[in-house]
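Taking it in order: structure first as structure tokens, then the write-up.
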Amino acid sequence: MSPQKPLRLSLIPQNKLLSYVVILLSILYLFVPVFYDLSTTVWNADSQSHGPVVLAIAIWFFYFKTKQILATPQQLNPAPFTGWLLIVAGLLIYTIGYSQSVYLLSIFSLVFILAGVICNIFGTKIAIKYWFALFFFIFLMPWPASVIDAVTQPMKIAVSYASEYLLYTFNYPVARSGVIIQIGPYKLLVADACAGLNSLFTLEAIGLLYINVINHQAFWRNVLLAVLIVPVSFTSNVLRVCTLALITYYMGDEAGQGFLHNFSGMVLFLTALILIILIDTVIQKIAEKFKIKSLLSSE
């Protein structure tokens with residue numbers, strides 16, 4: 001008996017559609033309670049409030065990647081052994097994480113389960129193509145407070161210093177003590193939401209997403225953009241703090257802490273995305289002018 005030829009995605013039997021629906025409902029059954037618990041606990045804190053934004057981006061990117069893969073003929077080589085191994089490992093991690101309310105493990109288990117399902121249905125070669133979509137879930141993980149504090153404090157101090165320097169350059173009456181900025185009669189605390197993991201993780205996620213969606217063929221260009229995401233994140237945070245300081249200075253404390261405070265967060269992410277696109281455009285122009293092949297997107 002001759003070995004069965006790999007199937008194409010376009011030839012998947014329709015009678016398997018019900019199985020896929022059952023798999024999807026099973027995943028939702030396991031993880032909807034996890035995300036609901038996160039939305040009522042961890043994600044309510046300023047330092048972790050990036051969670052819902054990153055979750056929405058992760059779901060969209062998973063859909064985008066699936067659509068991109070389905071756009072070209074693919075061969076199915078299901079790997080049930082690898083798939084079930086990953087699923088069982090994921091379920092064990094999920095059981096420990098959810099029973100002990102260790103949400104970091106609960107989210108981590110989702111990566112294993114999704115990878116296992118993809119291996120079971122499509123095979124390991126296609127599962128590898130989902131690596132970034134699966135890696136993206138790392139931005140959803142609620143890290144321990146000790147990790148958050150260790151990363152947040154230096155960033156808050158650096159953002160506070162840069163914001164004070166920038167405002168002073170434009171002759172505003174500003175002074176700083178640690179992470180507290182005084183502008184005129186008002187004092188502003190540079191909190192985690194303004195310069196912590198909240199914005200840092202989301203900006204890193206948006207930057208890496210941009211790189212993966214654009215998918216330049218030039219390897220070094222992608223590496224350069226990935227490295228530049230860090231100063232872009234820092235710059236965006238400084239601009240947000242300066243904006244809030246000026247809003248408070250001209251419009252009072254209520255304006256600075258009210259709707260405009262939350263709106264400035266949206267401006268922060270928009271600013272970061274614009275900066276990344278501008279930097280990418282500048283890299284393209286420089287590469288074209290000096291004919292640097294390793295940075296040209298067409299290479």
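Following the order of the structure tokens, chains are lettered A, B, ..., residues in each are numbered from 1, and ligands are numbered from 1.
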Nearby residues (only C-alpha atoms) at most 6 Å from stretch 118-125 of chain A, same-chain spacing under 4 positions excluded, as a PyMOL selection string: chain A and resi 76-80+83
Residues from last step as file, N, CA and C atoms, as a PDB file, in the first residue's frame:
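The resulting selection-v5.pdb:
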ATOM      1  N   LEU A  76      -0.369  19.170   4.296  1.00  0.00           N
ATOM      2  CA  LEU A  76      -0.630  18.720   5.654  1.00  0.00           C
ATOM      3  C   LEU A  76       0.180  17.468   5.965  1.00  0.00           C
ATOM      4  N   ASN A  77       0.953  17.532   7.009  1.00  0.00           N
ATOM      5  CA  ASN A  77       1.663  16.374   7.538  1.00  0.00           C
ATOM      6  C   ASN A  77       1.401  16.321   9.038  1.00  0.00           C
ATOM      7  N   PRO A  78       0.196  15.924   9.444  1.00  0.00           N
ATOM      8  CA  PRO A  78      -0.148  15.909  10.870  1.00  0.00           C
ATOM      9  C   PRO A  78       0.890  15.163  11.688  1.00  0.00           C
ATOM     10  N   ALA A  79       1.221  15.751  12.847  1.00  0.00           N
ATOM     11  CA  ALA A  79       2.195  15.134  13.755  1.00  0.00           C
ATOM     12  C   ALA A  79       1.503  14.881  15.094  1.00  0.00           C
ATOM     13  N   PRO A  80       0.674  13.816  15.163  1.00  0.00           N
ATOM     14  CA  PRO A  80      -0.117  13.574  16.375  1.00  0.00           C
ATOM     15  C   PRO A  80       0.727  13.325  17.621  1.00  0.00           C
ATOM     16  N   GLY A  83       2.011  16.661  18.671  1.00  0.00           N
ATOM     17  CA  GLY A  83       0.844  17.462  19.028  1.00  0.00           C
ATOM     18  C   GLY A  83       0.283  17.098  20.385  1.00  0.00           C
TER      19      GLY A  83
END
For stretch 269-278 of chain A: contacts at 10 Å, only C-alpha atoms, fewer than 4 positions along chain excluded, given as a PyMOL selection string: chain A and resi 199+202-204+206-207+210-211+225-226+228-229+231-237+239-240+264-265+282-284
Take the residues from that selection and write them out as a short mmCIF file (atom, residue, chain, number, x, y, z; two decimals), in the first residue's frame, keeping N, CA and C atoms.
data_model
loop_
_atom_site.label_atom_id
_atom_site.label_comp_id
_atom_site.auth_asym_id
_atom_site.auth_seq_id
_atom_site.Cartn_x
_atom_site.Cartn_y
_atom_site.Cartn_z
N SER A 199 3.25 50.40 29.64
CA SER A 199 3.53 50.98 28.32
C SER A 199 4.68 50.27 27.62
N THR A 202 3.53 46.97 26.01
CA THR A 202 2.62 47.19 24.89
C THR A 202 3.35 47.79 23.70
N LEU A 203 4.25 48.74 23.96
CA LEU A 203 5.02 49.34 22.86
C LEU A 203 5.95 48.32 22.21
N GLU A 204 6.58 47.47 23.03
CA GLU A 204 7.42 46.42 22.47
C GLU A 204 6.57 45.48 21.61
N ILE A 206 3.71 46.16 20.04
CA ILE A 206 3.31 46.83 18.81
C ILE A 206 4.48 46.91 17.82
N GLY A 207 5.67 47.21 18.33
CA GLY A 207 6.84 47.30 17.46
C GLY A 207 7.19 45.97 16.82
N TYR A 210 4.66 45.08 14.19
CA TYR A 210 4.89 45.83 12.94
C TYR A 210 5.98 45.14 12.11
N ILE A 211 7.08 44.76 12.77
CA ILE A 211 8.19 44.11 12.07
C ILE A 211 7.72 42.80 11.43
N LEU A 225 15.43 47.33 13.46
CA LEU A 225 14.13 47.86 13.92
C LEU A 225 13.79 47.32 15.30
N ALA A 226 14.06 46.03 15.53
CA ALA A 226 13.76 45.43 16.83
C ALA A 226 14.56 46.10 17.94
N LEU A 228 15.76 49.20 17.84
CA LEU A 228 15.34 50.60 17.96
C LEU A 228 13.98 50.76 18.64
N ILE A 229 13.25 49.66 18.82
CA ILE A 229 11.96 49.73 19.53
C ILE A 229 12.16 50.24 20.95
N PRO A 231 14.51 52.50 22.32
CA PRO A 231 14.53 53.96 22.43
C PRO A 231 13.23 54.62 21.97
N VAL A 232 12.52 53.98 21.03
CA VAL A 232 11.22 54.52 20.61
C VAL A 232 10.23 54.46 21.78
N SER A 233 10.24 53.35 22.50
CA SER A 233 9.37 53.22 23.68
C SER A 233 9.70 54.27 24.72
N PHE A 234 10.99 54.46 24.95
CA PHE A 234 11.44 55.45 25.94
C PHE A 234 11.01 56.85 25.52
N THR A 235 11.24 57.20 24.25
CA THR A 235 10.88 58.53 23.74
C THR A 235 9.38 58.77 23.86
N SER A 236 8.58 57.76 23.52
CA SER A 236 7.13 57.89 23.59
C SER A 236 6.67 58.12 25.03
N ASN A 237 7.30 57.42 25.97
CA ASN A 237 6.96 57.61 27.39
C ASN A 237 7.29 59.03 27.85
N LEU A 239 7.44 61.73 26.01
CA LEU A 239 6.46 62.64 25.41
C LEU A 239 5.13 62.58 26.13
N ARG A 240 4.75 61.39 26.60
CA ARG A 240 3.49 61.27 27.33
C ARG A 240 3.56 62.03 28.66
N SER A 264 -4.15 60.29 26.69
CA SER A 264 -2.72 60.42 26.38
C SER A 264 -2.08 59.04 26.20
N GLY A 265 -2.67 58.01 26.85
CA GLY A 265 -2.16 56.66 26.65
C GLY A 265 -2.35 56.21 25.21
N VAL A 282 13.13 55.99 6.96
CA VAL A 282 14.47 56.59 6.90
C VAL A 282 15.52 55.52 6.58
N ILE A 283 15.39 54.34 7.20
CA ILE A 283 16.32 53.25 6.91
C ILE A 283 16.28 52.87 5.43
N GLN A 284 15.06 52.83 4.88
CA GLN A 284 14.89 52.51 3.46
C GLN A 284 15.59 53.54 2.58
#
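Of the residues in stretch 54-248 of chain A, those given strand (DSSP E or B) by DSSP on the backbone are A:Gln75, A:Leu76, A:Asn77, A:Gly123, A:Val174, A:Ala175, A:Arg176, A:Ser177, A:Ile180, A:Ile181, A:Gln182, A:Ile183, A:Tyr186, A:Lys187, A:Leu188, A:Leu189.
When only C-alpha atoms are used to measure the gap to A:Phe132, the shortest distance among A:Phe64, A:Tyr20, A:Trp220, A:Tyr29 belongs to A:Phe64.
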Atomic separation - atom CA of A:Ser99 relative to atom CA of A:Ser19, Å: 27.7 Å
Show me a table, sorted first by chain and then by increasing residue number, of the residues of stretch 70-165 of chain A having an atom at most 12 Å from stretch 36-46 of chain A, each with its shortest atom pair and the distance in Å to one decimal, counting only C-alpha atoms and written as JSON lines.
{"residue": "A:Tyr98", "atom": "CA", "partner": "A:Asp37", "partner_atom": "CA", "distance": 10.0}
{"residue": "A:Ser101", "atom": "CA", "partner": "A:Asp37", "partner_atom": "CA", "distance": 9.1}
{"residue": "A:Val102", "atom": "CA", "partner": "A:Leu38", "partner_atom": "CA", "distance": 10.5}
{"residue": "A:Tyr103", "atom": "CA", "partner": "A:Leu38", "partner_atom": "CA", "distance": 7.7}
{"residue": "A:Leu104", "atom": "CA", "partner": "A:Leu38", "partner_atom": "CA", "distance": 10.5}
{"residue": "A:Ser106", "atom": "CA", "partner": "A:Leu38", "partner_atom": "CA", "distance": 10.6}
{"residue": "A:Ile107", "atom": "CA", "partner": "A:Leu38", "partner_atom": "CA", "distance": 10.4}
{"residue": "A:Leu140", "atom": "CA", "partner": "A:Trp43", "partner_atom": "CA", "distance": 10.0}
{"residue": "A:Met141", "atom": "CA", "partner": "A:Leu38", "partner_atom": "CA", "distance": 10.1}
{"residue": "A:Pro142", "atom": "CA", "partner": "A:Val42", "partner_atom": "CA", "distance": 7.3}
{"residue": "A:Trp143", "atom": "CA", "partner": "A:Val42", "partner_atom": "CA", "distance": 9.9}
{"residue": "A:Pro144", "atom": "CA", "partner": "A:Val42", "partner_atom": "CA", "distance": 10.7}
{"residue": "A:Ala145", "atom": "CA", "partner": "A:Val42", "partner_atom": "CA", "distance": 10.9}
{"residue": "A:Ile148", "atom": "CA", "partner": "A:Asp46", "partner_atom": "CA", "distance": 11.3}
{"residue": "A:Thr152", "atom": "CA", "partner": "A:Asp46", "partner_atom": "CA", "distance": 11.8}
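You will find atom CA of A:Ile292 at 29.0 Å from atom CA of A:Gln68.
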Test item, helix (DSSP H, G or I) assignment across stretch 13-161 of chain A, answer as a PyMOL selection string: chain A and resi 14-40+42-44+46-48+51-70+80-99+103-121+124-129+131-140+145-161
Write to file, as a short mmCIF file (atom, residue, chain, number, x, y, z; two decimals), in the first residue's frame, the residues of the selection just made, with C-alpha atoms.
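Output file selection_31.cif follows:
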data_model
loop_
_atom_site.label_atom_id
_atom_site.label_comp_id
_atom_site.auth_asym_id
_atom_site.auth_seq_id
_atom_site.Cartn_x
_atom_site.Cartn_y
_atom_site.Cartn_z
CA GLN A 14 -15.70 19.39 5.38
CA ASN A 15 -16.72 16.67 7.83
CA LYS A 16 -13.75 17.67 9.99
CA LEU A 17 -15.19 21.14 10.46
CA LEU A 18 -17.22 19.94 13.44
CA SER A 19 -14.04 18.60 15.07
CA TYR A 20 -12.36 21.99 14.69
CA VAL A 21 -15.37 23.74 16.23
CA VAL A 22 -15.23 21.34 19.19
CA ILE A 23 -11.50 22.07 19.62
CA LEU A 24 -12.13 25.81 19.53
CA LEU A 25 -14.98 25.55 22.07
CA SER A 26 -12.75 23.43 24.34
CA ILE A 27 -10.00 26.06 24.27
CA LEU A 28 -12.54 28.79 25.00
CA TYR A 29 -13.98 26.70 27.86
CA LEU A 30 -10.54 26.48 29.43
CA PHE A 31 -9.31 30.03 28.92
CA VAL A 32 -12.34 32.35 29.01
CA PRO A 33 -12.46 31.91 32.84
CA VAL A 34 -8.71 32.68 33.00
CA PHE A 35 -9.07 35.93 31.07
CA TYR A 36 -12.19 36.85 33.03
CA ASP A 37 -10.29 36.40 36.31
CA LEU A 38 -7.42 38.48 34.92
CA SER A 39 -9.83 41.26 33.89
CA THR A 40 -11.26 41.47 37.41
CA VAL A 42 -4.49 41.59 37.77
CA TRP A 43 -5.47 43.70 34.76
CA ASN A 44 -7.13 46.25 37.05
CA ASP A 46 -1.88 50.08 36.41
CA SER A 47 1.26 48.00 35.94
CA GLN A 48 -0.67 45.23 34.14
CA GLY A 51 -3.29 43.02 29.14
CA PRO A 52 -6.59 43.59 27.25
CA VAL A 53 -4.82 45.60 24.52
CA VAL A 54 -2.20 42.90 24.00
CA LEU A 55 -4.87 40.16 24.05
CA ALA A 56 -6.81 41.90 21.28
CA ILE A 57 -3.60 42.32 19.24
CA ALA A 58 -2.67 38.64 19.82
CA ILE A 59 -6.07 37.39 18.61
CA TRP A 60 -5.92 39.63 15.53
CA PHE A 61 -2.38 38.54 14.69
CA PHE A 62 -3.29 34.85 15.03
CA TYR A 63 -6.12 35.45 12.55
CA PHE A 64 -3.79 37.45 10.26
CA LYS A 65 -1.16 34.71 10.29
CA THR A 66 -3.74 31.99 9.60
CA LYS A 67 -5.13 33.97 6.66
CA GLN A 68 -1.60 34.55 5.36
CA ILE A 69 -0.76 30.83 5.55
CA LEU A 70 -4.02 29.78 3.91
CA PRO A 80 -0.12 13.57 16.38
CA PHE A 81 2.70 12.38 18.64
CA THR A 82 4.28 15.85 18.92
CA GLY A 83 0.84 17.46 19.03
CA TRP A 84 -0.53 15.38 21.89
CA LEU A 85 2.75 15.66 23.78
CA LEU A 86 2.43 19.46 23.67
CA ILE A 87 -1.28 19.38 24.54
CA VAL A 88 -0.76 17.08 27.55
CA ALA A 89 2.14 19.25 28.76
CA GLY A 90 -0.04 22.34 28.31
CA LEU A 91 -2.96 20.80 30.23
CA LEU A 92 -0.65 19.86 33.12
CA ILE A 93 0.73 23.42 33.26
CA TYR A 94 -2.82 24.80 32.99
CA THR A 95 -4.05 22.61 35.87
CA ILE A 96 -1.25 23.77 38.15
CA GLY A 97 -1.54 27.41 37.12
CA TYR A 98 -5.33 27.75 37.27
CA SER A 99 -5.77 25.73 40.49
CA TYR A 103 -1.83 33.25 35.87
CA LEU A 104 1.66 33.32 34.38
CA LEU A 105 1.49 29.51 34.09
CA SER A 106 -2.10 29.59 32.84
CA ILE A 107 -1.15 31.86 29.92
CA PHE A 108 2.03 29.87 29.30
CA SER A 109 -0.05 26.69 28.97
CA LEU A 110 -2.06 28.29 26.14
CA VAL A 111 1.13 28.43 24.02
CA PHE A 112 1.65 24.67 24.44
CA ILE A 113 -1.99 23.80 23.76
CA LEU A 114 -2.24 25.96 20.63
CA ALA A 115 1.07 24.61 19.31
CA GLY A 116 -0.15 21.06 19.97
CA VAL A 117 -3.45 21.63 18.16
CA ILE A 118 -1.64 23.10 15.14
CA CYS A 119 0.77 20.13 15.04
CA ASN A 120 -2.14 17.70 15.28
CA ILE A 121 -4.06 19.28 12.39
CA THR A 124 5.15 20.77 12.64
CA LYS A 125 6.25 22.70 9.53
CA ILE A 126 3.15 24.87 9.62
CA ALA A 127 3.32 25.09 13.43
CA ILE A 128 6.79 26.64 13.07
CA LYS A 129 5.27 29.37 10.89
CA TRP A 131 6.20 30.86 16.14
CA PHE A 132 5.79 34.61 16.50
CA ALA A 133 2.02 34.39 17.02
CA LEU A 134 2.70 31.96 19.88
CA PHE A 135 5.66 33.97 21.20
CA PHE A 136 3.41 37.04 21.28
CA PHE A 137 1.53 35.59 24.26
CA ILE A 138 4.57 36.31 26.43
CA PHE A 139 3.35 39.93 26.54
CA LEU A 140 0.12 38.71 28.17
CA ALA A 145 5.74 42.13 41.45
CA SER A 146 9.48 41.73 42.12
CA VAL A 147 10.19 41.56 38.38
CA ILE A 148 7.88 44.51 37.67
CA ASP A 149 9.53 46.68 40.35
CA ALA A 150 13.04 45.78 39.18
CA VAL A 151 12.28 46.84 35.60
CA THR A 152 9.93 49.73 36.38
CA GLN A 153 11.99 51.78 38.84
CA PRO A 154 15.01 52.50 36.60
CA MET A 155 12.71 53.32 33.69
CA LYS A 156 10.60 55.70 35.79
CA ILE A 157 13.71 57.53 36.99
CA ALA A 158 15.10 57.82 33.45
CA VAL A 159 11.76 59.02 32.04
CA SER A 160 11.39 61.52 34.90
CA TYR A 161 14.88 62.92 34.30
#
Pick from A:Val190, A:Cys242, A:Leu224, A:Ala287, whichever lies nearest to A:Leu166 using only C-alpha atoms: A:Cys242
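The environment of A:Glu164 within 12 Å, counting only C-alpha atoms and disregarding residues fewer than 4 places along the same chain, consists of Ile157, Ala158, Val159, Ser160, Tyr168, Thr169, Phe170, Asn171, Tyr172, Pro173, Val174, Ala175, Arg176, Ser177, Gly178, Val179, Ile180, Ile181, Gln182, Ile183, Leu188, Val190, Val238, Leu239, Val241, Cys242, Thr243, Ala245 and Leu246 of chain A.
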